[in-house]
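Trainee: Provided below: coords-v2.txt, containing compact mmCIF, N, CA and C atoms.
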```txt
# COMPACT_ATOMS: atom_id res chain seq x y z
N MET M 1 -32.53 -19.60 56.71
CA MET M 1 -32.47 -18.47 55.81
C MET M 1 -32.46 -18.97 54.36
N LYS M 2 -33.17 -18.23 53.50
CA LYS M 2 -33.22 -18.56 52.08
C LYS M 2 -32.34 -17.59 51.31
N SER M 3 -31.94 -18.02 50.11
CA SER M 3 -31.26 -17.10 49.21
C SER M 3 -31.79 -17.31 47.79
N TYR M 4 -31.68 -16.29 47.00
CA TYR M 4 -32.18 -16.31 45.62
C TYR M 4 -31.21 -15.50 44.77
N ARG M 5 -30.92 -15.99 43.58
CA ARG M 5 -29.98 -15.33 42.67
C ARG M 5 -30.61 -15.20 41.30
N LYS M 6 -30.46 -14.01 40.71
CA LYS M 6 -30.96 -13.78 39.35
C LYS M 6 -30.03 -12.82 38.64
N GLU M 7 -29.80 -13.07 37.36
CA GLU M 7 -28.99 -12.17 36.54
C GLU M 7 -29.90 -11.35 35.64
N LEU M 8 -29.60 -10.06 35.54
CA LEU M 8 -30.31 -9.15 34.63
C LEU M 8 -29.35 -8.82 33.50
N TRP M 9 -29.79 -9.00 32.27
CA TRP M 9 -28.92 -8.81 31.10
C TRP M 9 -29.31 -7.55 30.35
N PHE M 10 -28.28 -6.87 29.81
CA PHE M 10 -28.48 -5.61 29.10
C PHE M 10 -27.63 -5.60 27.85
N CYS M 11 -28.11 -4.89 26.84
CA CYS M 11 -27.29 -4.56 25.68
C CYS M 11 -27.62 -3.10 25.34
N ILE M 12 -26.86 -2.21 25.93
CA ILE M 12 -27.07 -0.77 25.72
C ILE M 12 -26.53 -0.44 24.33
N PRO M 13 -27.35 0.11 23.43
CA PRO M 13 -26.91 0.32 22.04
C PRO M 13 -25.89 1.45 21.86
N GLN M 14 -25.78 2.35 22.84
CA GLN M 14 -24.80 3.43 22.76
C GLN M 14 -23.63 3.11 23.70
N ARG M 15 -22.64 3.96 23.68
CA ARG M 15 -21.50 3.78 24.60
C ARG M 15 -21.96 3.89 26.05
N ARG M 16 -22.83 4.86 26.35
CA ARG M 16 -23.32 5.05 27.71
C ARG M 16 -24.84 5.02 27.71
N GLY M 17 -25.39 4.48 28.80
CA GLY M 17 -26.84 4.44 28.93
C GLY M 17 -27.24 4.11 30.35
N LEU M 18 -28.39 4.65 30.73
CA LEU M 18 -28.91 4.51 32.09
C LEU M 18 -30.25 3.78 32.03
N VAL M 19 -30.42 2.76 32.87
CA VAL M 19 -31.65 1.97 32.88
C VAL M 19 -32.18 1.88 34.31
N ASN M 20 -33.45 2.22 34.50
CA ASN M 20 -34.10 2.01 35.80
C ASN M 20 -34.42 0.53 35.90
N ILE M 21 -33.77 -0.17 36.82
CA ILE M 21 -33.96 -1.62 36.96
C ILE M 21 -34.82 -1.97 38.17
N THR M 22 -35.44 -0.97 38.78
CA THR M 22 -36.28 -1.23 39.95
C THR M 22 -37.35 -2.27 39.67
N PRO M 23 -38.10 -2.20 38.55
CA PRO M 23 -39.12 -3.23 38.30
C PRO M 23 -38.55 -4.64 38.22
N GLN M 24 -37.37 -4.81 37.61
CA GLN M 24 -36.77 -6.14 37.52
C GLN M 24 -36.33 -6.65 38.89
N VAL M 25 -35.84 -5.75 39.74
CA VAL M 25 -35.43 -6.15 41.09
C VAL M 25 -36.66 -6.50 41.91
N GLU M 26 -37.72 -5.73 41.78
CA GLU M 26 -38.98 -6.05 42.48
C GLU M 26 -39.53 -7.40 42.03
N GLN M 27 -39.43 -7.69 40.73
CA GLN M 27 -39.88 -8.98 40.21
C GLN M 27 -39.05 -10.12 40.81
N ALA M 28 -37.74 -9.93 40.88
CA ALA M 28 -36.87 -10.95 41.48
C ALA M 28 -37.24 -11.17 42.94
N LEU M 29 -37.55 -10.10 43.65
CA LEU M 29 -37.95 -10.22 45.05
C LEU M 29 -39.23 -11.03 45.17
N GLN M 30 -40.20 -10.77 44.31
CA GLN M 30 -41.44 -11.57 44.31
C GLN M 30 -41.15 -13.04 44.05
N GLU M 31 -40.29 -13.30 43.05
CA GLU M 31 -39.93 -14.68 42.71
C GLU M 31 -39.26 -15.39 43.88
N SER M 32 -38.51 -14.65 44.67
CA SER M 32 -37.76 -15.25 45.78
C SER M 32 -38.65 -15.72 46.92
N GLY M 33 -39.77 -15.05 47.11
CA GLY M 33 -40.66 -15.36 48.22
C GLY M 33 -40.16 -14.83 49.56
N ILE M 34 -39.05 -14.12 49.56
CA ILE M 34 -38.47 -13.60 50.80
C ILE M 34 -39.25 -12.38 51.26
N GLN M 35 -39.59 -12.34 52.55
CA GLN M 35 -40.38 -11.26 53.12
C GLN M 35 -39.56 -10.28 53.94
N GLU M 36 -38.50 -10.79 54.57
CA GLU M 36 -37.63 -9.96 55.42
C GLU M 36 -36.19 -10.33 55.12
N GLY M 37 -35.38 -9.33 54.77
CA GLY M 37 -33.99 -9.62 54.46
C GLY M 37 -33.31 -8.47 53.76
N LEU M 38 -32.42 -8.84 52.83
CA LEU M 38 -31.63 -7.85 52.09
C LEU M 38 -31.54 -8.24 50.63
N VAL M 39 -31.51 -7.22 49.77
CA VAL M 39 -31.28 -7.40 48.34
C VAL M 39 -29.96 -6.71 48.01
N LEU M 40 -29.07 -7.45 47.36
CA LEU M 40 -27.83 -6.89 46.82
C LEU M 40 -27.99 -6.86 45.32
N VAL M 41 -27.68 -5.73 44.70
CA VAL M 41 -27.66 -5.63 43.25
C VAL M 41 -26.30 -5.06 42.87
N ASN M 42 -25.55 -5.80 42.04
CA ASN M 42 -24.25 -5.30 41.63
C ASN M 42 -23.99 -5.52 40.16
N ALA M 43 -23.26 -4.55 39.60
CA ALA M 43 -22.84 -4.65 38.20
C ALA M 43 -21.77 -5.74 38.11
N MET M 44 -21.88 -6.59 37.12
CA MET M 44 -20.94 -7.70 36.95
C MET M 44 -19.90 -7.40 35.89
N ASN M 45 -19.81 -6.15 35.48
CA ASN M 45 -18.80 -5.72 34.52
C ASN M 45 -18.11 -4.49 35.09
N ILE M 46 -16.82 -4.37 34.86
CA ILE M 46 -16.04 -3.31 35.50
C ILE M 46 -16.17 -1.95 34.83
N THR M 47 -17.05 -1.85 33.85
CA THR M 47 -17.31 -0.57 33.22
C THR M 47 -18.78 -0.18 33.33
N ALA M 48 -19.44 -0.68 34.37
CA ALA M 48 -20.84 -0.35 34.62
C ALA M 48 -21.03 -0.15 36.12
N SER M 49 -22.12 0.52 36.46
CA SER M 49 -22.40 0.85 37.85
C SER M 49 -23.86 0.52 38.18
N VAL M 50 -24.11 0.24 39.45
CA VAL M 50 -25.46 0.16 39.98
C VAL M 50 -25.52 1.14 41.15
N PHE M 51 -26.55 1.98 41.17
CA PHE M 51 -26.68 2.99 42.21
C PHE M 51 -28.15 3.29 42.46
N ILE M 52 -28.42 4.01 43.54
CA ILE M 52 -29.78 4.42 43.89
C ILE M 52 -29.87 5.93 43.85
N ASN M 53 -30.92 6.42 43.20
CA ASN M 53 -31.22 7.85 43.22
C ASN M 53 -32.60 8.07 42.62
N ASP M 54 -32.90 9.31 42.31
CA ASP M 54 -34.19 9.74 41.79
C ASP M 54 -34.28 9.45 40.28
N ASP M 55 -35.45 9.04 39.82
CA ASP M 55 -35.68 8.80 38.39
C ASP M 55 -36.19 10.09 37.75
N GLU M 56 -35.27 11.01 37.52
CA GLU M 56 -35.63 12.32 37.00
C GLU M 56 -34.70 12.63 35.83
N PRO M 57 -35.24 12.88 34.63
CA PRO M 57 -34.41 13.05 33.43
C PRO M 57 -33.36 14.15 33.55
N GLY M 58 -33.67 15.26 34.20
CA GLY M 58 -32.67 16.32 34.36
C GLY M 58 -31.48 15.84 35.15
N LEU M 59 -31.73 15.07 36.20
CA LEU M 59 -30.65 14.51 37.01
C LEU M 59 -29.82 13.53 36.19
N HIS M 60 -30.48 12.72 35.38
CA HIS M 60 -29.76 11.77 34.53
C HIS M 60 -28.83 12.51 33.57
N HIS M 61 -29.30 13.59 32.99
CA HIS M 61 -28.46 14.42 32.12
C HIS M 61 -27.28 14.99 32.91
N ASP M 62 -27.56 15.47 34.12
CA ASP M 62 -26.51 16.04 34.96
C ASP M 62 -25.42 15.01 35.28
N TYR M 63 -25.79 13.74 35.51
CA TYR M 63 -24.79 12.70 35.72
C TYR M 63 -23.87 12.61 34.52
N GLU M 64 -24.46 12.56 33.34
CA GLU M 64 -23.68 12.42 32.12
C GLU M 64 -22.69 13.57 31.96
N VAL M 65 -23.16 14.79 32.15
CA VAL M 65 -22.29 15.97 32.00
C VAL M 65 -21.20 15.97 33.07
N TRP M 66 -21.58 15.71 34.31
CA TRP M 66 -20.63 15.72 35.42
C TRP M 66 -19.55 14.65 35.26
N LEU M 67 -19.98 13.43 34.92
CA LEU M 67 -19.02 12.34 34.75
C LEU M 67 -18.08 12.59 33.58
N GLU M 68 -18.59 13.19 32.53
CA GLU M 68 -17.75 13.48 31.37
C GLU M 68 -16.70 14.55 31.71
N LYS M 69 -17.04 15.46 32.62
CA LYS M 69 -16.05 16.44 33.08
C LYS M 69 -14.98 15.77 33.95
N LEU M 70 -15.41 14.83 34.79
CA LEU M 70 -14.47 14.14 35.68
C LEU M 70 -13.52 13.21 34.92
N ALA M 71 -14.09 12.47 33.97
CA ALA M 71 -13.30 11.48 33.22
C ALA M 71 -13.76 11.51 31.76
N PRO M 72 -13.28 12.49 31.00
CA PRO M 72 -13.71 12.60 29.61
C PRO M 72 -13.29 11.39 28.77
N GLU M 73 -14.19 10.99 27.89
CA GLU M 73 -13.89 9.84 27.02
C GLU M 73 -12.67 10.11 26.13
N LYS M 74 -12.61 11.31 25.56
CA LYS M 74 -11.55 11.65 24.62
C LYS M 74 -10.77 12.86 25.11
N PRO M 75 -9.53 13.00 24.74
CA PRO M 75 -8.79 12.13 23.83
C PRO M 75 -8.38 10.82 24.52
N TYR M 76 -8.46 9.75 23.76
CA TYR M 76 -8.12 8.43 24.31
C TYR M 76 -6.67 8.38 24.80
N SER M 77 -5.82 9.18 24.18
CA SER M 77 -4.40 9.15 24.51
C SER M 77 -4.08 9.68 25.91
N GLN M 78 -5.05 10.30 26.57
CA GLN M 78 -4.78 10.84 27.91
C GLN M 78 -4.68 9.74 28.98
N TYR M 79 -5.09 8.53 28.64
CA TYR M 79 -5.12 7.44 29.61
C TYR M 79 -4.08 6.37 29.28
N ARG M 80 -3.34 5.97 30.29
CA ARG M 80 -2.35 4.91 30.11
C ARG M 80 -3.02 3.54 29.93
N HIS M 81 -4.22 3.38 30.46
CA HIS M 81 -4.94 2.10 30.34
C HIS M 81 -5.32 1.80 28.89
N ASN M 82 -5.64 2.84 28.14
CA ASN M 82 -6.11 2.63 26.77
C ASN M 82 -5.01 2.01 25.91
N GLY M 83 -5.41 1.05 25.15
CA GLY M 83 -4.50 0.32 24.27
C GLY M 83 -5.34 -0.65 23.47
N TYR M 84 -5.61 -1.79 24.06
CA TYR M 84 -6.47 -2.77 23.40
C TYR M 84 -7.89 -2.23 23.26
N GLU M 85 -8.41 -1.61 24.31
CA GLU M 85 -9.72 -0.97 24.28
C GLU M 85 -9.58 0.47 24.74
N ASP M 86 -10.39 1.34 24.19
CA ASP M 86 -10.39 2.74 24.59
C ASP M 86 -11.50 3.00 25.60
N ASN M 87 -11.38 2.40 26.78
CA ASN M 87 -12.46 2.51 27.77
C ASN M 87 -11.99 2.90 29.17
N ALA M 88 -10.81 3.51 29.27
CA ALA M 88 -10.31 3.91 30.59
C ALA M 88 -11.31 4.83 31.30
N ASP M 89 -11.93 5.73 30.54
CA ASP M 89 -12.91 6.64 31.16
C ASP M 89 -14.06 5.86 31.78
N ALA M 90 -14.47 4.76 31.17
CA ALA M 90 -15.57 3.95 31.69
C ALA M 90 -15.21 3.33 33.04
N HIS M 91 -13.97 2.89 33.18
CA HIS M 91 -13.51 2.34 34.46
C HIS M 91 -13.55 3.41 35.56
N LEU M 92 -13.10 4.61 35.22
CA LEU M 92 -13.09 5.70 36.19
C LEU M 92 -14.51 6.12 36.58
N LYS M 93 -15.39 6.20 35.60
CA LYS M 93 -16.78 6.59 35.88
C LYS M 93 -17.45 5.56 36.79
N ARG M 94 -17.17 4.29 36.56
CA ARG M 94 -17.73 3.23 37.40
C ARG M 94 -17.25 3.39 38.84
N THR M 95 -15.98 3.74 39.02
CA THR M 95 -15.45 3.90 40.36
C THR M 95 -16.18 5.02 41.10
N VAL M 96 -16.46 6.09 40.41
CA VAL M 96 -17.17 7.22 41.02
C VAL M 96 -18.62 6.85 41.36
N MET M 97 -19.31 6.16 40.48
CA MET M 97 -20.73 5.86 40.67
C MET M 97 -20.99 4.62 41.53
N GLY M 98 -19.99 3.77 41.69
CA GLY M 98 -20.14 2.63 42.58
C GLY M 98 -20.50 1.34 41.87
N ARG M 99 -20.25 0.25 42.55
CA ARG M 99 -20.45 -1.09 42.01
C ARG M 99 -21.81 -1.67 42.35
N GLU M 100 -22.29 -1.43 43.59
CA GLU M 100 -23.49 -2.13 44.04
C GLU M 100 -24.32 -1.30 45.00
N VAL M 101 -25.53 -1.84 45.24
CA VAL M 101 -26.42 -1.28 46.26
C VAL M 101 -26.98 -2.43 47.09
N VAL M 102 -27.34 -2.11 48.31
CA VAL M 102 -28.04 -3.05 49.20
C VAL M 102 -29.31 -2.35 49.66
N VAL M 103 -30.42 -3.06 49.57
CA VAL M 103 -31.71 -2.50 49.99
C VAL M 103 -32.36 -3.48 50.96
N ALA M 104 -32.90 -2.96 52.04
CA ALA M 104 -33.62 -3.79 53.00
C ALA M 104 -34.93 -4.27 52.37
N VAL M 105 -35.35 -5.44 52.80
CA VAL M 105 -36.65 -6.00 52.41
C VAL M 105 -37.51 -6.05 53.66
N THR M 106 -38.67 -5.43 53.61
CA THR M 106 -39.60 -5.41 54.73
C THR M 106 -40.98 -5.76 54.21
N ASN M 107 -41.58 -6.78 54.80
CA ASN M 107 -42.91 -7.23 54.37
C ASN M 107 -42.97 -7.52 52.87
N GLY M 108 -41.91 -8.11 52.34
CA GLY M 108 -41.88 -8.51 50.95
C GLY M 108 -41.69 -7.38 49.94
N LYS M 109 -41.33 -6.20 50.42
CA LYS M 109 -41.15 -5.04 49.53
C LYS M 109 -39.77 -4.41 49.75
N LEU M 110 -39.25 -3.76 48.70
CA LEU M 110 -38.02 -3.01 48.83
C LEU M 110 -38.29 -1.82 49.74
N ASP M 111 -37.47 -1.65 50.75
CA ASP M 111 -37.67 -0.61 51.77
C ASP M 111 -36.91 0.65 51.37
N PHE M 112 -37.51 1.40 50.45
CA PHE M 112 -36.90 2.60 49.88
C PHE M 112 -37.27 3.85 50.65
N GLY M 113 -36.41 4.87 50.55
CA GLY M 113 -36.74 6.21 50.96
C GLY M 113 -37.51 6.90 49.84
N THR M 114 -37.94 8.10 50.09
CA THR M 114 -38.71 8.87 49.11
C THR M 114 -37.93 9.00 47.81
N TRP M 115 -38.58 8.69 46.70
CA TRP M 115 -38.08 8.83 45.33
C TRP M 115 -36.98 7.85 44.95
N GLU M 116 -36.53 7.00 45.86
CA GLU M 116 -35.42 6.11 45.54
C GLU M 116 -35.81 5.05 44.51
N GLN M 117 -34.90 4.83 43.56
CA GLN M 117 -35.02 3.82 42.53
C GLN M 117 -33.61 3.24 42.30
N ILE M 118 -33.55 2.05 41.70
CA ILE M 118 -32.26 1.41 41.43
C ILE M 118 -31.96 1.55 39.93
N PHE M 119 -30.72 1.94 39.63
CA PHE M 119 -30.31 2.15 38.24
C PHE M 119 -29.08 1.34 37.89
N TYR M 120 -29.05 0.91 36.64
CA TYR M 120 -27.86 0.33 36.01
C TYR M 120 -27.35 1.40 35.05
N PHE M 121 -26.07 1.76 35.17
CA PHE M 121 -25.47 2.79 34.32
C PHE M 121 -24.29 2.16 33.59
N GLU M 122 -24.41 2.06 32.29
CA GLU M 122 -23.38 1.47 31.44
C GLU M 122 -22.50 2.58 30.88
N PHE M 123 -21.18 2.40 30.97
CA PHE M 123 -20.23 3.39 30.49
C PHE M 123 -19.42 2.91 29.28
N ASP M 124 -19.58 1.66 28.89
CA ASP M 124 -18.87 1.10 27.74
C ASP M 124 -19.76 0.06 27.07
N GLY M 125 -20.85 0.52 26.50
CA GLY M 125 -21.89 -0.35 25.99
C GLY M 125 -21.59 -0.97 24.64
N LYS M 126 -22.68 -1.27 23.94
CA LYS M 126 -22.67 -1.88 22.60
C LYS M 126 -22.32 -3.36 22.63
N ARG M 127 -22.46 -3.96 23.80
CA ARG M 127 -22.27 -5.41 23.92
C ARG M 127 -23.02 -5.90 25.15
N LYS M 128 -23.21 -7.20 25.22
CA LYS M 128 -24.00 -7.80 26.29
C LYS M 128 -23.29 -7.70 27.63
N LYS M 129 -23.99 -7.18 28.64
CA LYS M 129 -23.47 -7.04 30.01
C LYS M 129 -24.56 -7.47 30.99
N HIS M 130 -24.19 -7.62 32.27
CA HIS M 130 -25.21 -8.03 33.22
C HIS M 130 -24.96 -7.51 34.62
N ALA M 131 -26.03 -7.62 35.40
CA ALA M 131 -25.99 -7.28 36.83
C ALA M 131 -26.54 -8.48 37.60
N LEU M 132 -26.09 -8.60 38.83
CA LEU M 132 -26.53 -9.70 39.69
C LEU M 132 -27.49 -9.17 40.75
N VAL M 133 -28.57 -9.91 40.96
CA VAL M 133 -29.49 -9.65 42.07
C VAL M 133 -29.37 -10.85 43.01
N LYS M 134 -28.97 -10.59 44.25
CA LYS M 134 -28.85 -11.65 45.25
C LYS M 134 -29.72 -11.24 46.44
N ILE M 135 -30.64 -12.11 46.82
CA ILE M 135 -31.58 -11.81 47.89
C ILE M 135 -31.40 -12.86 48.98
N ILE M 136 -31.24 -12.40 50.23
CA ILE M 136 -31.15 -13.33 51.35
C ILE M 136 -32.15 -12.89 52.42
N GLY M 137 -32.68 -13.86 53.12
CA GLY M 137 -33.62 -13.56 54.20
C GLY M 137 -34.57 -14.71 54.44
N GLU M 138 -35.66 -14.35 55.08
CA GLU M 138 -36.68 -15.34 55.47
C GLU M 138 -37.99 -15.06 54.75
```
Could you show the structure in this file as structure tokens?
Mentor:
Amino acid sequence: MKSYRKELWFCIPQRRGLVNITPQVEQALQESGIQEGLVLVNAMNITASVFINDDEPGLHHDYEVWLEKLAPEKPYSQYRHNGYEDNADAHLKRTVMGREVVVAVTNGKLDFGTWEQIFYFEFDGKRKKHALVKIIGE
């Protein structure tokens, strides 16, 4: 069995931002040469998420509105975690959206369902962050 590791780096200029990383994951899969196996993609920062869903702008807006209702950024004083950094809401949003995804690899391609894409969602941006792509298989 072979394995391949690649880091994807981001610097989201706003506090929150969503990036479709499917092309970068597909590129990593090509680089790996693996034809059958699994791809793991996970956020390497505790205030970001990796998830799979549809690449549709209305849905992306709905995530933002829904998450802000669940864990509003302000007032910062509502969170006991806030002190050194005012990012407690980002930690909570990450918990809701998840840390990682696993996708099957079949015939050298990501084995997606209809409309599925991989996204990186940053909840505490304005600095360099990354995600890990780990591919195992034959």
Trainee: With only N, CA and C atoms as the atoms that count, which of M:Gly125, M:Gly37, M:Gly98, M:Pro72 lies nearest to Phe51 of chain M?
Mentor: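 Looking only at the distances to Phe51 of chain M, the closest residue turns out to be M:Gly98.
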Trainee: Please tabulate, as CSV, the residues of segment 41-116 of chain M that come within 7 Å of segment 126-133 of chain M, each with its closest pair of atoms and the distance in Å to one decimal, counting only C-alpha atoms and ordering rows by chain, then residue number upward.
Mentor:
```
residue,atom,partner,partner_atom,distance
M:Val41,CA,M:Val133,CA,4.6
M:Asn42,CA,M:Leu132,CA,5.3
M:Ala43,CA,M:Ala131,CA,4.3
M:Met44,CA,M:Ala131,CA,5.1
M:Asn45,CA,M:Lys129,CA,6.6
```
Trainee: Would you pick out the contacts of Val105 of chain M at 7 Å or less, using only C-alpha atoms, so that residues sharing its chain but fewer than 2 positions from it are not included, and give the list as an MDAnalysis selection string?
Mentor: chainID M and resid 35:39 103 107:111
Trainee: Here is a test: counting only C-alpha atoms, which residue of M:Ala90, M:Phe112, M:Tyr120, M:Ile135 is nearest to Thr47 of chain M?
Mentor: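 Between M:Ala90, M:Phe112, M:Tyr120, M:Ile135, the residue approaching Thr47 of chain M most closely is M:Ala90.
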Trainee: In Å to one decimal, how far is atom C of Asp89 of chain M from atom CA of Phe10 of chain M?
Mentor: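 Distance between the two atoms: 18.6 Å.
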Trainee: With all atoms listed in the file as the basis for distance, which of M:Leu29, M:Ala88, M:Ile118, M:Ile21 is at the shortest distance from Tyr76 of chain M?
Mentor: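 For Tyr76 of chain M, the nearest of the given residues is M:Ala88.
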Trainee: Considering all atoms listed in the file, can you say which of M:Trp9, M:Tyr4, M:Phe123, M:Tyr63 comes closest to Asn87 of chain M?
Mentor: M:Phe123
Trainee: Show which residues sit within 6.5 Å of Ala71 of chain M, as a VMD selection string. Count all atoms listed in the file, and ignore same-chain residues fewer than 4 positions away.
Mentor: chain M and resid 66 to 67 89 92 to 93
Trainee: Report the distance between atom C of Gln14 of chain M and atom CA of Asp124 of chain M in Å, rounded to one decimal place.
Mentor: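 Distance between the two atoms: 6.6 Å.
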Trainee: What is the distance between atom N of His81 of chain M and atom C of Arg94 of chain M, in Å to one decimal?
Mentor: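 Interatomic distance here is 15.5 Å.
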Trainee: What parts of segment 59-137 of chain M does DSSP call strand (DSSP E or B)? I'd like the answer as a PyMOL selection string.
Mentor: chain M and resi 100-106+109-110+117-122+128-137
Trainee: Restrict the selected residues to N, CA and C atoms and save them as a PDB file, in the coordinates of the input.
Mentor:
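The resulting out-v2.pdb:
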```
ATOM      1  N   GLU M 100     -22.290  -1.430  43.590  1.00  0.00           N
ATOM      2  CA  GLU M 100     -23.490  -2.130  44.040  1.00  0.00           C
ATOM      3  C   GLU M 100     -24.320  -1.300  45.000  1.00  0.00           C
ATOM      4  N   VAL M 101     -25.530  -1.840  45.240  1.00  0.00           N
ATOM      5  CA  VAL M 101     -26.420  -1.280  46.260  1.00  0.00           C
ATOM      6  C   VAL M 101     -26.980  -2.430  47.090  1.00  0.00           C
ATOM      7  N   VAL M 102     -27.340  -2.110  48.310  1.00  0.00           N
ATOM      8  CA  VAL M 102     -28.040  -3.050  49.200  1.00  0.00           C
ATOM      9  C   VAL M 102     -29.310  -2.350  49.660  1.00  0.00           C
ATOM     10  N   VAL M 103     -30.420  -3.060  49.570  1.00  0.00           N
ATOM     11  CA  VAL M 103     -31.710  -2.500  49.990  1.00  0.00           C
ATOM     12  C   VAL M 103     -32.360  -3.480  50.960  1.00  0.00           C
ATOM     13  N   ALA M 104     -32.900  -2.960  52.040  1.00  0.00           N
ATOM     14  CA  ALA M 104     -33.620  -3.790  53.000  1.00  0.00           C
ATOM     15  C   ALA M 104     -34.930  -4.270  52.370  1.00  0.00           C
ATOM     16  N   VAL M 105     -35.350  -5.440  52.800  1.00  0.00           N
ATOM     17  CA  VAL M 105     -36.650  -6.000  52.410  1.00  0.00           C
ATOM     18  C   VAL M 105     -37.510  -6.050  53.660  1.00  0.00           C
ATOM     19  N   THR M 106     -38.670  -5.430  53.610  1.00  0.00           N
ATOM     20  CA  THR M 106     -39.600  -5.410  54.730  1.00  0.00           C
ATOM     21  C   THR M 106     -40.980  -5.760  54.210  1.00  0.00           C
ATOM     22  N   LYS M 109     -41.330  -6.200  50.420  1.00  0.00           N
ATOM     23  CA  LYS M 109     -41.150  -5.040  49.530  1.00  0.00           C
ATOM     24  C   LYS M 109     -39.770  -4.410  49.750  1.00  0.00           C
ATOM     25  N   LEU M 110     -39.250  -3.760  48.700  1.00  0.00           N
ATOM     26  CA  LEU M 110     -38.020  -3.010  48.830  1.00  0.00           C
ATOM     27  C   LEU M 110     -38.290  -1.820  49.740  1.00  0.00           C
ATOM     28  N   GLN M 117     -34.900   4.830  43.560  1.00  0.00           N
ATOM     29  CA  GLN M 117     -35.020   3.820  42.530  1.00  0.00           C
ATOM     30  C   GLN M 117     -33.610   3.240  42.300  1.00  0.00           C
ATOM     31  N   ILE M 118     -33.550   2.050  41.700  1.00  0.00           N
ATOM     32  CA  ILE M 118     -32.260   1.410  41.430  1.00  0.00           C
ATOM     33  C   ILE M 118     -31.960   1.550  39.930  1.00  0.00           C
ATOM     34  N   PHE M 119     -30.720   1.940  39.630  1.00  0.00           N
ATOM     35  CA  PHE M 119     -30.310   2.150  38.240  1.00  0.00           C
ATOM     36  C   PHE M 119     -29.080   1.340  37.890  1.00  0.00           C
ATOM     37  N   TYR M 120     -29.050   0.910  36.640  1.00  0.00           N
ATOM     38  CA  TYR M 120     -27.860   0.330  36.010  1.00  0.00           C
ATOM     39  C   TYR M 120     -27.350   1.400  35.050  1.00  0.00           C
ATOM     40  N   PHE M 121     -26.070   1.760  35.170  1.00  0.00           N
ATOM     41  CA  PHE M 121     -25.470   2.790  34.320  1.00  0.00           C
ATOM     42  C   PHE M 121     -24.290   2.160  33.590  1.00  0.00           C
ATOM     43  N   GLU M 122     -24.410   2.060  32.290  1.00  0.00           N
ATOM     44  CA  GLU M 122     -23.380   1.470  31.440  1.00  0.00           C
ATOM     45  C   GLU M 122     -22.500   2.580  30.880  1.00  0.00           C
ATOM     46  N   LYS M 128     -23.210  -7.200  25.220  1.00  0.00           N
ATOM     47  CA  LYS M 128     -24.000  -7.800  26.290  1.00  0.00           C
ATOM     48  C   LYS M 128     -23.290  -7.700  27.630  1.00  0.00           C
ATOM     49  N   LYS M 129     -23.990  -7.180  28.640  1.00  0.00           N
ATOM     50  CA  LYS M 129     -23.470  -7.040  30.010  1.00  0.00           C
ATOM     51  C   LYS M 129     -24.560  -7.470  30.990  1.00  0.00           C
ATOM     52  N   HIS M 130     -24.190  -7.620  32.270  1.00  0.00           N
ATOM     53  CA  HIS M 130     -25.210  -8.030  33.220  1.00  0.00           C
ATOM     54  C   HIS M 130     -24.960  -7.510  34.620  1.00  0.00           C
ATOM     55  N   ALA M 131     -26.030  -7.620  35.400  1.00  0.00           N
ATOM     56  CA  ALA M 131     -25.990  -7.280  36.830  1.00  0.00           C
ATOM     57  C   ALA M 131     -26.540  -8.480  37.600  1.00  0.00           C
ATOM     58  N   LEU M 132     -26.090  -8.600  38.830  1.00  0.00           N
ATOM     59  CA  LEU M 132     -26.530  -9.700  39.690  1.00  0.00           C
ATOM     60  C   LEU M 132     -27.490  -9.170  40.750  1.00  0.00           C
ATOM     61  N   VAL M 133     -28.570  -9.910  40.960  1.00  0.00           N
ATOM     62  CA  VAL M 133     -29.490  -9.650  42.070  1.00  0.00           C
ATOM     63  C   VAL M 133     -29.370 -10.850  43.010  1.00  0.00           C
ATOM     64  N   LYS M 134     -28.970 -10.590  44.250  1.00  0.00           N
ATOM     65  CA  LYS M 134     -28.850 -11.650  45.250  1.00  0.00           C
ATOM     66  C   LYS M 134     -29.720 -11.240  46.440  1.00  0.00           C
ATOM     67  N   ILE M 135     -30.640 -12.110  46.820  1.00  0.00           N
ATOM     68  CA  ILE M 135     -31.580 -11.810  47.890  1.00  0.00           C
ATOM     69  C   ILE M 135     -31.400 -12.860  48.980  1.00  0.00           C
ATOM     70  N   ILE M 136     -31.240 -12.400  50.230  1.00  0.00           N
ATOM     71  CA  ILE M 136     -31.150 -13.330  51.350  1.00  0.00           C
ATOM     72  C   ILE M 136     -32.150 -12.890  52.420  1.00  0.00           C
ATOM     73  N   GLY M 137     -32.680 -13.860  53.120  1.00  0.00           N
ATOM     74  CA  GLY M 137     -33.620 -13.560  54.200  1.00  0.00           C
ATOM     75  C   GLY M 137     -34.570 -14.710  54.440  1.00  0.00           C
TER      76      GLY M 137
END
```
Trainee: Check the smallest atom-to-atom distance from each of M:Thr22, M:Gln30, M:Thr95, M:Ser49 to Phe121 of chain M using only C-alpha atoms, then report the winner.
Mentor: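 Answer, going by the shortest atom-to-atom distance: M:Ser49.
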